[in-house]
file final-v4.cif (mmCIF, C-alpha atoms and all ligand atoms)
data_work
loop_
_atom_site.label_atom_id
_atom_site.label_comp_id
_atom_site.auth_asym_id
_atom_site.auth_seq_id
_atom_site.Cartn_x
_atom_site.Cartn_y
_atom_site.Cartn_z
CA MET A 20 61.26 99.23 165.83
CA ILE A 21 58.70 101.24 163.93
CA LYS A 22 58.68 104.98 163.58
CA VAL A 23 55.37 106.38 162.39
CA ILE A 24 56.08 108.68 159.45
CA SER A 25 52.53 109.68 158.54
CA SER A 26 51.68 113.21 159.60
CA TYR A 27 49.26 113.50 162.48
CA SER A 28 47.11 116.16 160.87
CA PRO A 29 43.92 114.19 160.07
CA LEU A 30 43.47 113.36 163.74
CA GLY A 31 44.75 116.58 165.25
CA TYR A 32 48.08 117.06 166.95
CA ASP A 33 46.88 116.17 170.42
CA ALA A 34 45.01 113.03 169.32
CA LYS A 35 45.40 109.98 171.56
CA VAL A 36 45.39 106.31 170.63
CA SER A 37 41.90 105.96 172.11
CA VAL A 38 40.38 107.84 169.13
CA LEU A 39 41.40 104.84 167.03
CA ILE A 40 39.44 102.41 169.18
CA ASP A 41 35.76 101.52 168.93
CA HIS A 42 35.15 101.33 172.68
CA ASP A 43 31.69 99.77 172.41
CA ASN A 44 32.78 96.86 170.26
CA ARG A 45 36.33 96.63 171.60
CA CYS A 46 37.96 96.74 168.18
CA TRP A 47 40.04 99.13 166.09
CA ARG A 48 38.23 101.78 164.05
CA GLU A 49 39.60 100.54 160.76
CA ASP A 50 38.21 103.43 158.70
CA VAL A 51 39.94 106.02 160.89
CA ILE A 52 43.21 104.06 160.91
CA VAL A 53 43.22 103.54 157.16
CA SER A 54 42.53 107.20 156.45
CA SER A 55 45.13 108.47 158.94
CA PHE A 56 48.14 106.24 158.41
CA LEU A 57 50.23 104.83 155.61
CA PRO A 58 49.13 101.30 154.63
CA HIS A 59 52.03 99.47 156.35
CA GLU A 60 51.49 101.49 159.52
CA ALA A 61 47.75 100.78 159.43
CA ALA A 62 48.42 97.05 159.07
CA LEU A 63 50.75 97.09 162.09
CA ILE A 64 48.25 98.97 164.22
CA LYS A 65 45.39 96.65 163.30
CA ALA A 66 47.56 93.66 164.27
CA ILE A 67 47.89 94.93 167.85
CA PRO A 68 45.40 92.86 169.89
CA LEU A 69 43.02 94.86 172.06
CA SER A 70 41.82 93.98 175.51
CA LEU A 71 38.21 92.78 175.81
CA ASP A 72 37.73 94.94 178.84
CA LYS A 73 38.58 98.54 179.64
CA SER A 74 42.05 97.98 181.01
CA VAL A 75 44.40 100.59 182.39
CA ASP A 76 47.15 101.80 180.10
CA VAL A 77 50.58 100.53 181.05
CA LEU A 78 54.03 101.23 179.77
CA PHE A 79 56.04 98.21 178.73
CA TRP A 80 59.57 97.80 177.49
CA PRO A 81 59.42 95.77 174.28
CA ARG A 82 63.03 94.59 174.42
CA ASN A 83 62.47 92.20 177.34
CA SER A 84 59.93 89.41 177.27
CA ASN A 85 58.61 90.37 180.72
CA GLY A 86 58.06 93.95 179.58
CA LEU A 87 60.31 95.39 182.28
CA TYR A 88 63.24 97.66 181.54
CA SER A 89 66.75 96.44 182.26
CA VAL A 90 70.00 98.36 181.90
CA LYS A 91 71.45 95.53 179.85
CA SER A 92 68.72 95.66 177.19
CA GLY A 93 68.81 99.45 177.15
CA TYR A 94 72.54 99.37 176.58
CA LYS A 95 72.10 96.84 173.78
CA LEU A 96 69.52 99.05 172.08
CA LEU A 97 71.82 102.08 172.23
CA LEU A 98 74.64 100.02 170.82
CA GLU A 99 72.48 98.83 167.93
CA CYS A 100 71.33 102.37 167.19
CA GLU A 101 74.93 103.50 167.13
CA LEU A 102 75.93 100.72 164.75
CA ASN A 103 72.97 101.50 162.51
CA ASP A 104 73.99 105.14 162.34
CA GLU A 105 77.38 104.34 160.91
CA PRO A 106 77.63 104.67 157.14
CA SER A 107 78.98 101.11 156.82
CA SER A 108 76.11 99.57 158.71
CA SER A 109 75.25 97.22 155.87
CA ASP A 110 78.82 95.88 155.81
CA LEU A 111 78.70 95.37 159.55
CA SER A 112 75.46 93.49 159.52
CA LEU A 113 76.71 91.51 156.52
CA SER A 114 79.83 90.30 158.30
CA LYS A 115 77.73 89.62 161.41
CA LYS A 116 75.56 87.39 159.25
CA VAL A 117 78.63 85.61 157.93
CA TRP A 118 79.95 85.04 161.46
CA ARG A 119 76.61 83.70 162.60
CA GLY A 120 76.64 81.34 159.61
CA ILE A 121 80.07 80.07 160.63
CA TRP A 122 79.09 79.49 164.25
CA ASN A 123 75.96 77.62 163.22
CA LEU A 124 77.85 75.10 161.08
CA LYS A 125 78.00 71.55 162.40
CA ILE A 126 81.76 71.26 162.18
CA PRO A 127 84.54 70.94 164.78
CA ASN A 128 85.37 74.12 166.66
CA ARG A 129 88.89 74.16 165.27
CA ALA A 130 87.43 74.45 161.74
CA LYS A 131 85.11 77.27 162.83
CA ASN A 132 88.05 78.94 164.45
CA LEU A 133 90.09 78.64 161.27
CA LEU A 134 87.34 80.24 159.16
CA TRP A 135 86.90 82.98 161.70
CA ARG A 136 90.60 83.78 161.88
CA ALA A 137 91.02 83.60 158.10
CA GLY A 138 87.95 85.80 157.56
CA SER A 139 89.12 88.38 160.06
CA GLU A 140 92.69 88.34 158.68
CA THR A 141 94.28 87.17 161.90
CA LEU A 142 95.88 83.92 160.71
CA PRO A 143 99.67 83.89 161.00
CA THR A 144 100.15 84.10 157.24
CA ARG A 145 103.41 85.42 155.91
CA VAL A 146 101.82 88.80 155.19
CA ASN A 147 100.65 89.08 158.79
CA LEU A 148 103.95 87.84 160.19
CA ARG A 149 105.82 90.38 158.11
CA LYS A 150 103.54 93.12 159.38
CA ARG A 151 104.50 92.07 162.88
CA LYS A 152 108.17 92.13 161.80
CA ILE A 153 108.59 88.42 162.53
CA LEU A 154 109.39 87.61 158.89
CA THR A 155 110.99 89.73 156.21
CA GLU A 156 109.55 87.73 153.31
CA ASP A 157 105.81 87.61 152.60
CA SER A 158 105.50 85.73 149.32
CA CYS A 159 103.71 82.36 149.16
CA PRO A 160 106.20 79.52 149.87
CA HIS A 161 104.37 77.24 147.42
CA CYS A 162 104.00 79.28 144.26
CA LEU A 163 106.42 82.10 145.16
CA LEU A 164 104.29 84.28 142.92
CA GLU A 165 102.04 86.21 145.22
CA LYS A 166 101.88 87.50 148.75
CA GLU A 167 100.64 84.93 151.22
CA THR A 168 97.41 86.41 152.58
CA SER A 169 94.74 84.13 154.02
CA PHE A 170 92.85 84.56 150.74
CA HIS A 171 95.88 83.31 148.84
CA ALA A 172 96.97 80.59 151.26
CA LEU A 173 93.53 79.03 151.55
CA TRP A 174 91.86 79.83 148.27
CA SER A 175 93.61 81.48 145.33
CA CYS A 176 97.08 79.92 145.28
CA SER A 177 97.47 78.07 141.96
CA CYS A 178 98.72 75.03 143.91
CA LEU A 179 95.23 74.66 145.37
CA TYR A 180 93.46 74.62 142.03
CA PRO A 181 93.16 70.77 141.89
CA VAL A 182 91.63 70.78 145.39
CA TRP A 183 88.93 73.38 144.94
CA GLN A 184 87.99 72.17 141.46
CA VAL A 185 86.54 68.93 142.85
CA HIS A 186 83.52 70.26 144.75
CA PHE A 187 83.83 74.00 144.32
CA SER A 188 84.39 74.80 140.66
CA TRP A 189 81.07 76.69 140.78
CA LEU A 190 82.53 78.82 143.55
CA SER A 191 85.67 79.65 141.56
CA LYS A 192 83.45 81.14 138.88
CA LEU A 193 81.49 83.19 141.39
CA ALA A 194 84.59 84.30 143.29
CA VAL A 195 86.50 85.88 140.41
CA ASN A 196 86.00 89.33 141.85
CA CYS A 197 86.63 88.40 145.46
CA SER A 198 89.64 89.91 147.12
CA SER A 199 89.31 88.60 150.67
CA PHE A 200 88.66 85.22 152.21
CA LEU A 201 85.63 86.66 153.99
CA ASP A 202 84.06 87.35 150.57
CA VAL A 203 84.58 83.71 149.59
CA ILE A 204 83.05 82.44 152.86
CA GLN A 205 80.04 84.63 152.23
CA LEU A 206 79.57 83.24 148.73
CA THR A 207 79.55 79.68 150.06
CA GLN A 208 76.86 80.67 152.54
CA ASP A 209 74.76 82.43 149.92
CA HIS A 210 74.87 79.87 147.17
CA ASN A 211 75.24 76.40 148.48
CA ASN A 212 74.78 74.08 151.39
CA LEU A 213 78.37 72.91 151.12
CA SER A 214 79.60 75.45 153.69
CA ASP A 215 80.61 72.67 156.07
CA VAL A 216 82.64 70.84 153.40
CA PHE A 217 84.21 74.15 152.44
CA ALA A 218 85.25 74.81 156.04
CA MET A 219 86.69 71.31 156.53
CA THR A 220 88.65 71.60 153.27
CA ALA A 221 90.05 75.00 154.20
CA ALA A 222 91.05 73.65 157.63
CA LEU A 223 92.97 70.79 156.02
CA ILE A 224 94.69 73.14 153.56
CA TRP A 225 95.87 75.28 156.46
CA ALA A 226 96.95 72.27 158.50
CA ARG A 227 98.85 70.94 155.49
CA ARG A 228 100.54 74.29 154.96
CA ASN A 229 101.77 74.16 158.56
CA GLN A 230 102.91 70.53 158.23
CA ILE A 231 105.08 71.54 155.29
CA ARG A 232 106.41 74.53 157.20
CA VAL A 233 107.61 72.51 160.18
CA GLY A 234 108.66 69.47 158.17
CA ASP A 235 105.95 67.09 159.46
CA LYS A 236 104.47 64.22 157.53
CA VAL A 237 102.29 65.85 154.89
CA LEU A 238 98.82 64.88 153.70
CA PRO A 239 99.08 64.43 149.89
CA ILE A 240 97.22 67.23 148.18
CA GLU A 241 95.01 64.83 146.22
CA LYS A 242 93.79 63.35 149.49
CA ILE A 243 92.49 66.65 150.88
CA ASN A 244 88.96 66.35 149.48
CA SER A 245 88.30 62.79 150.60
CA THR A 246 89.86 63.40 154.02
CA ALA A 247 87.75 66.54 154.50
CA LEU A 248 84.57 64.57 153.78
CA GLU A 249 85.61 61.70 156.08
CA ASN A 250 86.47 64.07 158.93
CA LEU A 251 83.16 65.85 158.50
CA GLN A 252 81.12 62.65 158.50
CA GLU A 253 82.99 61.31 161.50
CA PHE A 254 82.38 64.51 163.43
CA GLN A 255 78.71 64.76 162.53
CA LEU A 256 78.10 61.14 163.42
CA ALA A 257 79.89 61.44 166.75
CA SER A 258 78.13 64.65 167.71
CA SER A 259 74.67 63.48 166.74
CA THR A 260 74.67 60.14 168.59
CA PRO A 261 74.67 61.28 172.21
CA HIS A 262 72.17 64.06 171.52
CA ARG A 263 69.71 61.89 169.67
CA ALA A 264 67.53 60.98 172.60
CA PRO A 265 65.91 57.56 172.30
CA PRO A 266 62.25 57.91 171.33
CA THR A 267 60.54 58.81 174.55
CA PHE A 268 57.73 56.42 175.27
CA LYS A 269 56.05 58.88 177.52
CA THR A 270 55.28 61.07 174.50
CA ALA A 271 52.36 63.16 175.56
CA LYS A 272 49.09 61.91 174.23
CA TRP A 273 45.81 63.70 174.61
CA SER A 274 43.87 62.44 177.61
CA PRO A 275 40.24 63.17 178.48
CA PRO A 276 39.38 65.38 181.49
CA PRO A 277 37.98 63.91 184.73
CA PRO A 278 34.23 63.16 184.82
CA GLY A 279 32.12 66.28 184.76
CA TRP A 280 34.88 68.41 183.29
CA MET A 281 35.55 69.73 179.79
CA LYS A 282 38.97 70.02 178.26
CA ALA A 283 39.75 72.85 175.84
CA ASN A 284 42.96 72.51 173.84
CA PHE A 285 44.23 75.62 172.12
CA ASP A 286 47.12 76.55 169.83
CA GLY A 287 48.40 79.35 167.63
CA ALA A 288 50.11 79.30 164.23
CA THR A 289 51.79 81.97 162.15
CA PHE A 290 51.75 82.53 158.40
CA SER A 291 54.44 85.15 158.01
CA SER A 292 54.27 85.32 154.22
CA LYS A 293 50.57 86.18 154.43
CA ALA A 294 51.03 88.45 157.50
CA LEU A 295 48.43 86.31 159.27
CA ALA A 296 48.23 84.23 162.39
CA GLY A 297 45.80 81.42 163.20
CA LEU A 298 44.09 80.58 166.47
CA GLY A 299 42.59 77.14 167.02
CA ALA A 300 40.69 75.44 169.85
CA ILE A 301 38.77 72.25 170.46
CA ILE A 302 36.60 71.44 173.48
CA ARG A 303 36.03 67.77 174.38
CA ASN A 304 34.16 66.12 177.23
CA ASP A 305 35.27 63.33 179.59
CA GLN A 306 34.38 60.73 176.91
CA GLY A 307 36.61 62.49 174.38
CA LEU A 308 33.56 63.61 172.38
CA VAL A 309 33.93 66.92 170.66
CA MET A 310 31.69 69.74 171.86
CA ALA A 311 33.05 72.46 169.59
CA ALA A 312 36.01 73.22 167.37
CA TYR A 313 37.12 76.66 166.31
CA THR A 314 39.55 78.36 163.94
CA HIS A 315 40.20 82.07 163.54
CA SER A 316 42.58 84.04 161.32
CA ILE A 317 43.89 87.36 162.61
CA PRO A 318 46.49 89.92 161.46
CA LEU A 319 49.96 88.75 162.47
CA PRO A 320 50.92 90.11 165.91
CA THR A 321 54.52 90.98 166.69
CA SER A 322 55.40 87.93 168.77
CA VAL A 323 54.69 84.21 168.81
CA GLU A 324 53.78 84.50 172.50
CA THR A 325 51.08 87.00 171.63
CA VAL A 326 49.59 84.50 169.17
CA GLU A 327 49.58 81.78 171.84
CA VAL A 328 48.04 84.01 174.46
CA LEU A 329 45.34 85.11 172.01
CA ALA A 330 44.65 81.44 171.27
CA ALA A 331 44.20 80.86 175.00
CA ARG A 332 41.83 83.81 175.30
CA SER A 333 39.71 82.69 172.35
CA ALA A 334 39.45 79.16 173.81
CA ILE A 335 38.20 80.67 177.06
CA CYS A 336 35.68 82.85 175.24
CA LEU A 337 34.39 79.81 173.35
CA ALA A 338 34.02 77.75 176.56
CA LYS A 339 32.29 80.66 178.24
CA ASP A 340 29.89 81.20 175.34
CA LEU A 341 28.94 77.52 175.52
CA ASN A 342 28.26 77.81 179.27
CA PHE A 343 30.65 75.12 180.44
CA SER A 344 31.36 75.41 184.15
CA LYS A 345 34.41 73.21 184.83
CA VAL A 346 37.11 73.45 182.19
CA ILE A 347 40.74 72.48 181.83
CA PHE A 348 42.52 74.67 179.31
CA GLU A 349 45.50 72.97 177.76
CA GLY A 350 48.16 74.49 175.49
CA ASP A 351 51.68 73.62 174.38
CA SER A 352 53.34 76.96 175.11
CA GLU A 353 55.01 76.59 178.48
CA ILE A 354 55.68 80.33 178.76
CA ILE A 355 52.01 81.20 178.38
CA ILE A 356 50.68 78.52 180.73
CA LYS A 357 53.24 79.58 183.35
CA ALA A 358 52.36 83.24 182.88
CA ILE A 359 48.65 82.51 183.35
CA ASN A 360 49.19 80.33 186.42
CA LYS A 361 51.74 82.57 188.09
CA GLY A 362 50.10 85.83 187.09
CA ASP A 363 53.37 87.30 185.87
CA LEU A 364 54.31 88.90 182.54
CA LEU A 365 51.47 91.35 183.16
CA SER A 366 53.81 94.17 182.14
CA SER A 367 54.65 92.55 178.82
CA SER A 368 53.28 93.52 175.42
CA PHE A 369 50.49 90.96 175.91
CA GLY A 370 49.84 91.73 179.61
CA HIS A 371 46.40 93.14 178.78
CA ILE A 372 45.40 89.84 177.15
CA LEU A 373 46.57 87.96 180.27
CA ASN A 374 44.37 90.33 182.25
CA ASP A 375 41.41 89.42 180.05
CA ILE A 376 42.15 85.74 180.72
CA ASN A 377 42.19 86.36 184.47
CA LEU A 378 38.86 88.15 184.31
CA LEU A 379 37.23 85.59 182.01
CA SER A 380 38.43 82.73 184.24
CA LYS A 381 36.28 84.09 187.04
CA SER A 382 33.14 83.27 185.09
CA PHE A 383 33.75 79.51 185.45
CA GLN A 384 32.93 77.43 188.50
CA ARG A 385 36.27 75.62 188.27
CA VAL A 386 39.09 76.28 185.85
CA SER A 387 42.66 75.10 185.40
CA PHE A 388 45.46 75.73 182.92
CA CYS A 389 47.83 72.91 181.98
CA HIS A 390 50.80 72.51 179.72
CA THR A 391 51.02 69.61 177.31
CA ARG A 392 53.52 68.67 174.66
CA ARG A 393 52.74 69.18 171.01
CA GLN A 394 51.70 65.56 170.52
CA GLY A 395 48.98 66.08 173.11
CA ASN A 396 47.72 69.14 171.28
CA ARG A 397 47.50 67.97 167.70
CA VAL A 398 43.88 68.78 166.87
CA ALA A 399 44.21 72.32 168.22
CA HIS A 400 47.41 72.68 166.23
CA GLY A 401 45.64 71.48 163.09
CA LEU A 402 42.80 73.94 163.66
CA ALA A 403 45.24 76.83 164.06
CA ARG A 404 47.07 75.83 160.87
CA MET A 405 43.74 75.73 159.06
CA ALA A 406 42.90 79.35 159.89
CA CYS A 407 44.49 80.74 156.74
CA ASN A 408 41.84 78.94 154.67
CA PHE A 409 39.09 81.04 156.21
CA SER A 410 38.58 84.76 156.00
CA ASP A 411 37.61 85.22 159.63
CA TYR A 412 36.48 82.61 162.12
CA GLN A 413 34.67 79.33 161.83
CA VAL A 414 33.04 77.13 164.49
CA TRP A 415 32.07 73.47 164.18
CA MET A 416 29.55 72.31 166.79
CA GLU A 417 29.96 68.72 168.00
CA ASP A 418 32.18 68.08 165.03
CA VAL A 419 35.67 68.63 163.70
CA PRO A 420 36.50 69.70 160.13
CA PRO A 421 36.86 66.61 157.87
CA ASP A 422 40.60 67.23 157.32
CA LEU A 423 41.24 66.70 161.03
CA TYR A 424 38.98 63.73 161.58
CA ASN A 425 41.85 61.21 161.54
CA VAL A 426 43.93 63.20 164.00
CA TYR A 427 40.93 63.57 166.27
CA CYS A 428 40.22 59.81 166.17
CA SER A 429 43.82 58.88 166.88
CA ASP A 430 43.58 60.91 170.11
CA LEU A 431 40.84 58.56 171.29
CA HIS A 432 42.84 55.33 171.04
ZN ZN B 1 100.85 80.46 146.29
#
call {"tool": "encode", "arguments": {"input": "final-v4.cif", "output": "structure tokens", "more": "lines below"}}
Ligand SMILES: [Zn+2]
result
Amino acid sequence: MIKVISSYSPLGYDAKVSVLIDHDNRCWREDVIVSSFLPHEAALIKAIPLSLDKSVDVLFWPRNSNGLYSVKSGYKLLLECELNDEPSSSDLSLSKKVWRGIWNLKIPNRAKNLLWRAGSETLPTRVNLRKRKILTEDSCPHCLLEKETSFHALWSCSCLYPVWQVHFSWLSKLAVNCSSFLDVIQLTQDHNNLSDVFAMTAALIWARRNQIRVGDKVLPIEKINSTALENLQEFQLASSTPHRAPPTFKTAKWSPPPPGWMKANFDGATFSSKALAGLGAIIRNDQGLVMAAYTHSIPLPTSVETVEVLAARSAICLAKDLNFSKVIFEGDSEIIIKAINKGDLLSSSFGHILNDINLLSKSFQRVSFCHTRRQGNRVAHGLARMACNFSDYQVWMEDVPPDLYNVYCSDLH
């Protein structure tokens, strides 16, 4: 959410957004925006796509993709604001990040659960059991030197030194100032991709501690590291096999339109680090011959959907400018194709662009919008990715840029 902090004075207190728009050319008045707002605000405003036509102002709710308000999203927003107002908001978002990191690990749920309980200090350690008056003694049963917190039982007990030294000696150095197990988890997430091994090792240490407690057969301490790795590999292998779908032979390939028709493929790309987005389109005839190819770089809009819908609109403008009468427009964003065909999402943040598309579509004799998979849209994708090499837009008539020639040819065979 953005709160404008520039004062309104240069434009007057009752100024409306329309003073920022060049209504004849349907673009932002950059000079006015730059002189009235702070640079980051100006950049955000200029990235808002404008309608090509005079469309009616609508209110939309940015927290739902369809632009309509729901109590649930309103409640969520209030909750977030409340959390952000608390002085410890950074701590809260930090631990949220840690939890998300744990849940995203590809490890068995029991290992996630262990990390979560250890990090939130809810494991039945001796310290916790004493707090609940179940035990009277809270010192570590292994070293008898310190209190058995989850930090001690899983990480800092001197008995565990030989275990953690094998793969995590780097972590011991970083963790000298840590006082909770949550701090240690966070360090593994920040500094290494061994978080899954860390979790599996901690789970075995805890399981072993319980085996000793109840007198079960105990995993020798020197076997913890190798067992943790084996368990992890076994789990990752087992969980990847059923999900790895066999290569689908009906992978979408580009196909030419029916005789007499043109096909325009379009796609969008984002370059977040450059605050840019790219729009790309290619129009081919029923022989697969290229009529025109197009790339355009624009300021980065706020959503990926907006980029895709702008790519669709620019493909339509290109086809219209070239006077084609029967055109199939094909893109790989299912949401956008559905929205165009069903006429919904008109209340969303990009509803005005969908409106433009509806209006522009009327200028063709026949028009249709189809969804394809990415493999069927590769040239358009390449054109969109190429946008950041150009300062504005670039059109190739009856040709594709040399870098994409191979991709274009492979569509024909
Ligand atoms: Zn100990």
call {"tool": "closest_atom_pairs", "arguments": {"input": "final-v4.cif", "of": "chain A", "to": "ligand ZN 1 (chain B)", "cutoff": "10 Å", "atoms": "only C-alpha atoms and all ligand atoms", "output": "tab-separated table"}}
result
residue	atom	partner	partner_atom	distance
A:Ser158	CA	B:ZN1	ZN	7.7
A:Cys159	CA	B:ZN1	ZN	4.5
A:Pro160	CA	B:ZN1	ZN	6.5
A:His161	CA	B:ZN1	ZN	4.9
A:Cys162	CA	B:ZN1	ZN	3.9
A:Leu163	CA	B:ZN1	ZN	5.9
A:Leu164	CA	B:ZN1	ZN	6.1
A:Glu165	CA	B:ZN1	ZN	6.0
A:Lys166	CA	B:ZN1	ZN	7.5
A:Glu167	CA	B:ZN1	ZN	6.7
A:Thr168	CA	B:ZN1	ZN	9.3
A:His171	CA	B:ZN1	ZN	6.3
A:Ala172	CA	B:ZN1	ZN	6.3
A:Leu173	CA	B:ZN1	ZN	9.1
A:Trp174	CA	B:ZN1	ZN	9.2
A:Ser175	CA	B:ZN1	ZN	7.4
A:Cys176	CA	B:ZN1	ZN	3.9
A:Ser177	CA	B:ZN1	ZN	6.0
A:Cys178	CA	B:ZN1	ZN	6.3
A:Leu179	CA	B:ZN1	ZN	8.1
call {"tool": "atom_distance", "arguments": {"input": "final-v4.cif", "atom1": "CA of Phe217 (chain A)", "atom2": "CA of Lys131 (chain A)"}}
result
10.9 Å
call {"tool": "atom_distance", "arguments": {"input": "final-v4.cif", "atom1": "CA of Tyr424 (chain A)", "atom2": "CA of Val398 (chain A)"}}
result
8.8 Å
call {"tool": "closest_atom_pairs", "arguments": {"input": "final-v4.cif", "of": "region 215-327 of chain A", "to": "region 79-90 of chain A", "cutoff": "12 Å", "atoms": "only C-alpha atoms", "output": "tab-separated table"}}
result
residue	atom	partner	partner_atom	distance
A:Thr321	CA	A:Pro81	CA	10.2
A:Ser322	CA	A:Ser84	CA	9.7
A:Val323	CA	A:Ser84	CA	11.2
A:Glu324	CA	A:Ser84	CA	9.2
A:Thr325	CA	A:Ser84	CA	10.8
call {"tool": "closest_residue", "arguments": {"input": "final-v4.cif", "among": "A:Val346, A:Leu319, A:Arg385, A:Asp286", "to": "Met405 (chain A)", "atoms": "all atoms listed in the file"}}
result
A:Asp286
call {"tool": "atom_distance", "arguments": {"input": "final-v4.cif", "atom1": "CA of Ala283 (chain A)", "atom2": "CA of Ile302 (chain A)"}}
result
4.2 Å
call {"tool": "residues_around", "arguments": {"input": "final-v4.cif", "residues": "Arg228 (chain A)", "least_positions_apart": "2", "cutoff": "10 Å", "atoms": "all atoms listed in the file", "output": "JSON, numbers by chain"}}
result
{"A": [160, 161, 172, 173, 222, 223, 224, 225, 226, 230, 231, 232, 233, 234, 237, 238]}
call {"tool": "write_last_selection", "arguments": {"input": "final-v4.cif", "atoms": "C-alpha atoms", "output": "PDB file, in the frame of the given file"}}
result
ATOM      1  CA  PRO A 160     106.200  79.520 149.870  1.00  0.00           C
ATOM      2  CA  HIS A 161     104.370  77.240 147.420  1.00  0.00           C
ATOM      3  CA  ALA A 172      96.970  80.590 151.260  1.00  0.00           C
ATOM      4  CA  LEU A 173      93.530  79.030 151.550  1.00  0.00           C
ATOM      5  CA  ALA A 222      91.050  73.650 157.630  1.00  0.00           C
ATOM      6  CA  LEU A 223      92.970  70.790 156.020  1.00  0.00           C
ATOM      7  CA  ILE A 224      94.690  73.140 153.560  1.00  0.00           C
ATOM      8  CA  TRP A 225      95.870  75.280 156.460  1.00  0.00           C
ATOM      9  CA  ALA A 226      96.950  72.270 158.500  1.00  0.00           C
ATOM     10  CA  GLN A 230     102.910  70.530 158.230  1.00  0.00           C
ATOM     11  CA  ILE A 231     105.080  71.540 155.290  1.00  0.00           C
ATOM     12  CA  ARG A 232     106.410  74.530 157.200  1.00  0.00           C
ATOM     13  CA  VAL A 233     107.610  72.510 160.180  1.00  0.00           C
ATOM     14  CA  GLY A 234     108.660  69.470 158.170  1.00  0.00           C
ATOM     15  CA  VAL A 237     102.290  65.850 154.890  1.00  0.00           C
ATOM     16  CA  LEU A 238      98.820  64.880 153.700  1.00  0.00           C
TER      17      LEU A 238
END
call {"tool": "residues_around", "arguments": {"input": "final-v4.cif", "residues": "region 33-49 of chain A", "least_positions_apart": "6", "cutoff": "8 Å", "atoms": "all atoms listed in the file", "output": "list of chain:residue names"}}
result
A:Lys65, A:Leu69, A:Ser70, A:Leu71, A:Asp72
call {"tool": "closest_residue", "arguments": {"input": "final-v4.cif", "among": "A:Ser380, A:Ser188, A:Asn304, A:Gln255", "to": "Pro275 (chain A)", "atoms": "all atoms listed in the file"}}
result
A:Asn304
call {"tool": "residues_around", "arguments": {"input": "final-v4.cif", "residues": "region 189-196 of chain A", "least_positions_apart": "4", "cutoff": "8 Å", "atoms": "all atoms listed in the file", "output": "number ranges by chain"}}
result
A: 183-184, 202-203, 206-207
call {"tool": "closest_residue", "arguments": {"input": "final-v4.cif", "among": "A:Leu308, A:Cys336, A:Ala399, A:Val117", "to": "Met416 (chain A)", "atoms": "all atoms listed in the file"}}
result
A:Leu308
call {"tool": "closest_residue", "arguments": {"input": "final-v4.cif", "among": "A:Lys125, A:Lys116, A:Glu327, A:Ile153", "to": "Ala288 (chain A)", "atoms": "only C-alpha atoms"}}
result
A:Glu327
call {"tool": "residues_around", "arguments": {"input": "final-v4.cif", "residues": "Leu201 (chain A)", "least_positions_apart": "5", "cutoff": "9 Å", "atoms": "all atoms listed in the file", "output": "compact mmCIF listing (two decimals) with C-alpha atoms, in the coordinates of the input"}}
result
# COMPACT_ATOMS: atom_id res chain seq x y z
CA SER A 114 79.83 90.30 158.30
CA VAL A 117 78.63 85.61 157.93
CA LEU A 134 87.34 80.24 159.16
CA TRP A 135 86.90 82.98 161.70
CA ALA A 137 91.02 83.60 158.10
CA GLY A 138 87.95 85.80 157.56
CA SER A 139 89.12 88.38 160.06
CA GLU A 140 92.69 88.34 158.68
CA PHE A 170 92.85 84.56 150.74
CA LEU A 206 79.57 83.24 148.73
call {"tool": "residues_around", "arguments": {"input": "final-v4.cif", "residues": "Pro278 (chain A)", "least_positions_apart": "4", "cutoff": "12 Å", "atoms": "all atoms listed in the file", "output": "list of chain:residue names"}}
result
A:Lys282, A:Arg303, A:Asn304, A:Asp305, A:Gln306, A:Gly307, A:Lys345, A:Val346, A:Ile347
